[in-house]
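Data first, discussion second: the structure below is written as structure tokens.
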There are 2 protein chains.
Amino acid sequence: LSFNTIKALVFDTFGTVVDWRTSIIRQLSELGARKHLKADWEAFADAWRAGYHPAMERIRRSERPFVTIDVLHRERLDELLNSLRISGLSEADKLDLIRVWHRLDPWPDSVGGLQRLKPRYILSTFSNGSFACLVNMAKHAGLPWDCIFCADIVRHFKPDPEVYRGVIEFLDLSPHEIMLVAAHNYDHRHARSHGIRTAYVNRPTEYGPSQTKDIQAEDDWDIIVNSFTALADVLLIGGPGKHDV
Amino acid sequence: LSFNTIKALVFDTFGTVVDWRTSIIRQLSELGARKHLKADWEAFADAWRAGYHPAMERIRRSERPFVTIDVLHRERLDELLNSLRISGLSEADKLDLIRVWHRLDPWPDSVGGLQRLKPRYILSTFSNGSFACLVNMAKHAGLPWDCIFCADIVRHFKPDPEVYRGVIEFLDLSPHEIMLVAAHNYDHRHARSHGIRTAYVNRPTEYGPSQTKDIQAEDDWDIIVNSFTALADVLLIGGPGKHDV
């Protein structure tokens, strides 16, 4: 399989580019110390993230109109604070707390890999995050995107077909000229069904040390690697891309 | 007036960032020489661009559904080739010809100014161009955007209010945290009516040596300068920004 025809790399962002869990736990712990709040911040982070899929699913099933992930994060935060009886946070504190999702840190290999790939490829996000979240995260983390493509633009969440068809249409490319880079097998299954090429990057600790899902490639994705360094090697200098996981 | 609260600079692109006329004339002349076609390429470029406003107006008045500027450029190209009886271009030639609008060169001060502004501000396009056009242009011209905001995203053209409200909503900022950079007075009038700050950059030869419109600021825009160099001076080091035009 030759990769010469690929013009754009589109990246799942949460989990694939940024280590949301470590970043959220660290920021929650710092806020807790500052505000003299006690909680199990690891469990809090996991519970916060766990609310995200069911909330998106309601929108995907048309049980409520589209809202951005920032709105969903806020609703889930209020639920969690109530159920854990954490009080003493002002409205400004809560608004700042939502923004922890805009200040996520990249995996150690992400920025270096993206910088190597940027001269050769269009680099875009391909995320269920909000436009504002992804722009702010890029400024925070130094992610050198050429453009931001995300759920808000098509008012649908992955894996709705509107998102995959949307990136093809907005970039005005053929599906086979686009490659999805993602750490999640479901995303690749849908991308492939739309003709988009697939690069699986293994992130086996995205959900912490006891992660059970997406700990390896579950199909013969076009590229299978452990890092953006290896991804850049495959795409730029023909490094091995199937057998290093 | 302090500019400390500004978080994002959003740029009109055609005419403000890139010198579309010189770029189009050069590329048309090159194609003409390659294909042994004779025409007044300056007049061709001007006539091509002149078709753009009436075509957008039909969409703005809801006389036809939204299509991207690439579609409008193609329709106008076919009209022009017919009326000038220019034949001998294949479909591939015509598709390539549309893409001249994706390969526009920046004004000499654009890239340097943007690079200086990038560490401090979110930099976005704010253009009636298509997403694909603006992404390809950024790769061609080295324009360091953080994100691409354009007509396709809101399926409206400037000066429809949906475009101004759209950039406020997508960036999730207050209007006064956003500054429009543009060479066109009409754009600033609409931006200001939505609470967006205004930086006028004078580009008095955008339409060629005999330009009569937009040869100076027509209102007391927040910043008035002759170049992106001067814009960066005003915003980053407090240079003069009202009286150097």
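Scheme for the structure tokens: letters A, B, ... for chains in order shown; per-chain residue numbers from 1; ligand numbers from 1 in order shown.
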Residues of chain A within 10 Å of chain B, using only C-alpha atoms, as a PyMOL selection string?
-> chain A and resi 68+118-124+130-136+138-139+142-149+152-154+168-173
Within 7 Å of stretch 50-54 of chain A, counting only C-alpha atoms, which residues show up once you throw out same-chain ones fewer than 3 positions away? Write them as a count of residues only, please.
-> 6
Please identify which residues in stretch 7-207 of chain A DSSP calls strand (DSSP E or B) from the backbone, and express them as a count of residues only.
-> 24
Leaving out B:Arg197 and any residue of its chain fewer than 5 positions from it, which residues lie within 12 Å of it when counting only C-alpha atoms, given as a PyMOL selection string?
-> chain B and resi 1-3+5-11+164+168+174-182+187-192+220-224
May I have the selected residues written with C-alpha atoms, as a PDB file, in the first residue's frame?
ATOM      1  CA  LEU B   1      -8.565  52.369  23.711  1.00  0.00           C
ATOM      2  CA  SER B   2      -6.763  49.371  25.159  1.00  0.00           C
ATOM      3  CA  PHE B   3      -6.293  46.216  23.165  1.00  0.00           C
ATOM      4  CA  THR B   5      -8.763  42.178  26.117  1.00  0.00           C
ATOM      5  CA  ILE B   6      -8.480  41.024  22.514  1.00  0.00           C
ATOM      6  CA  LYS B   7      -8.000  37.268  22.252  1.00  0.00           C
ATOM      7  CA  ALA B   8      -8.602  36.517  18.581  1.00  0.00           C
ATOM      8  CA  LEU B   9      -7.757  38.306  15.357  1.00  0.00           C
ATOM      9  CA  VAL B  10      -9.953  37.255  12.440  1.00  0.00           C
ATOM     10  CA  PHE B  11      -8.801  38.163   8.966  1.00  0.00           C
ATOM     11  CA  TYR B 164     -20.331  37.629  12.298  1.00  0.00           C
ATOM     12  CA  ILE B 168     -18.336  34.796  17.962  1.00  0.00           C
ATOM     13  CA  SER B 174     -17.318  37.938  23.649  1.00  0.00           C
ATOM     14  CA  PRO B 175     -17.573  40.188  20.583  1.00  0.00           C
ATOM     15  CA  HIS B 176     -15.148  42.719  22.097  1.00  0.00           C
ATOM     16  CA  GLU B 177     -12.531  39.957  22.495  1.00  0.00           C
ATOM     17  CA  ILE B 178     -12.460  39.572  18.700  1.00  0.00           C
ATOM     18  CA  MET B 179     -10.880  42.019  16.253  1.00  0.00           C
ATOM     19  CA  LEU B 180     -11.555  41.928  12.516  1.00  0.00           C
ATOM     20  CA  VAL B 181      -8.573  42.741  10.308  1.00  0.00           C
ATOM     21  CA  ALA B 182      -9.797  43.786   6.872  1.00  0.00           C
ATOM     22  CA  ASP B 187     -16.815  44.523   6.529  1.00  0.00           C
ATOM     23  CA  HIS B 188     -15.863  46.781   9.446  1.00  0.00           C
ATOM     24  CA  ARG B 189     -19.265  48.486   9.463  1.00  0.00           C
ATOM     25  CA  HIS B 190     -20.950  45.110   9.911  1.00  0.00           C
ATOM     26  CA  ALA B 191     -18.343  43.823  12.390  1.00  0.00           C
ATOM     27  CA  ARG B 192     -18.778  46.914  14.558  1.00  0.00           C
ATOM     28  CA  ASP B 220     -12.863  55.848  12.995  1.00  0.00           C
ATOM     29  CA  TRP B 221     -11.926  52.158  13.043  1.00  0.00           C
ATOM     30  CA  ASP B 222     -10.087  51.070  16.204  1.00  0.00           C
ATOM     31  CA  ILE B 223      -6.824  50.611  14.329  1.00  0.00           C
ATOM     32  CA  ILE B 224      -5.923  52.082  10.934  1.00  0.00           C
TER      33      ILE B 224
END
Identify, on the basis of only C-alpha atoms, every residue whose closest approach to stretch 12-28 of chain B does not exceed 10 Å; exclude the query and any residue fewer than 5 positions from it along the same chain; express the result as a PyMOL selection string.
-> chain B and resi 33-34+37+39-46+48-49+97+100-111+114+124-129+134+137+141+143+150+180-184+187+200-208+227-228
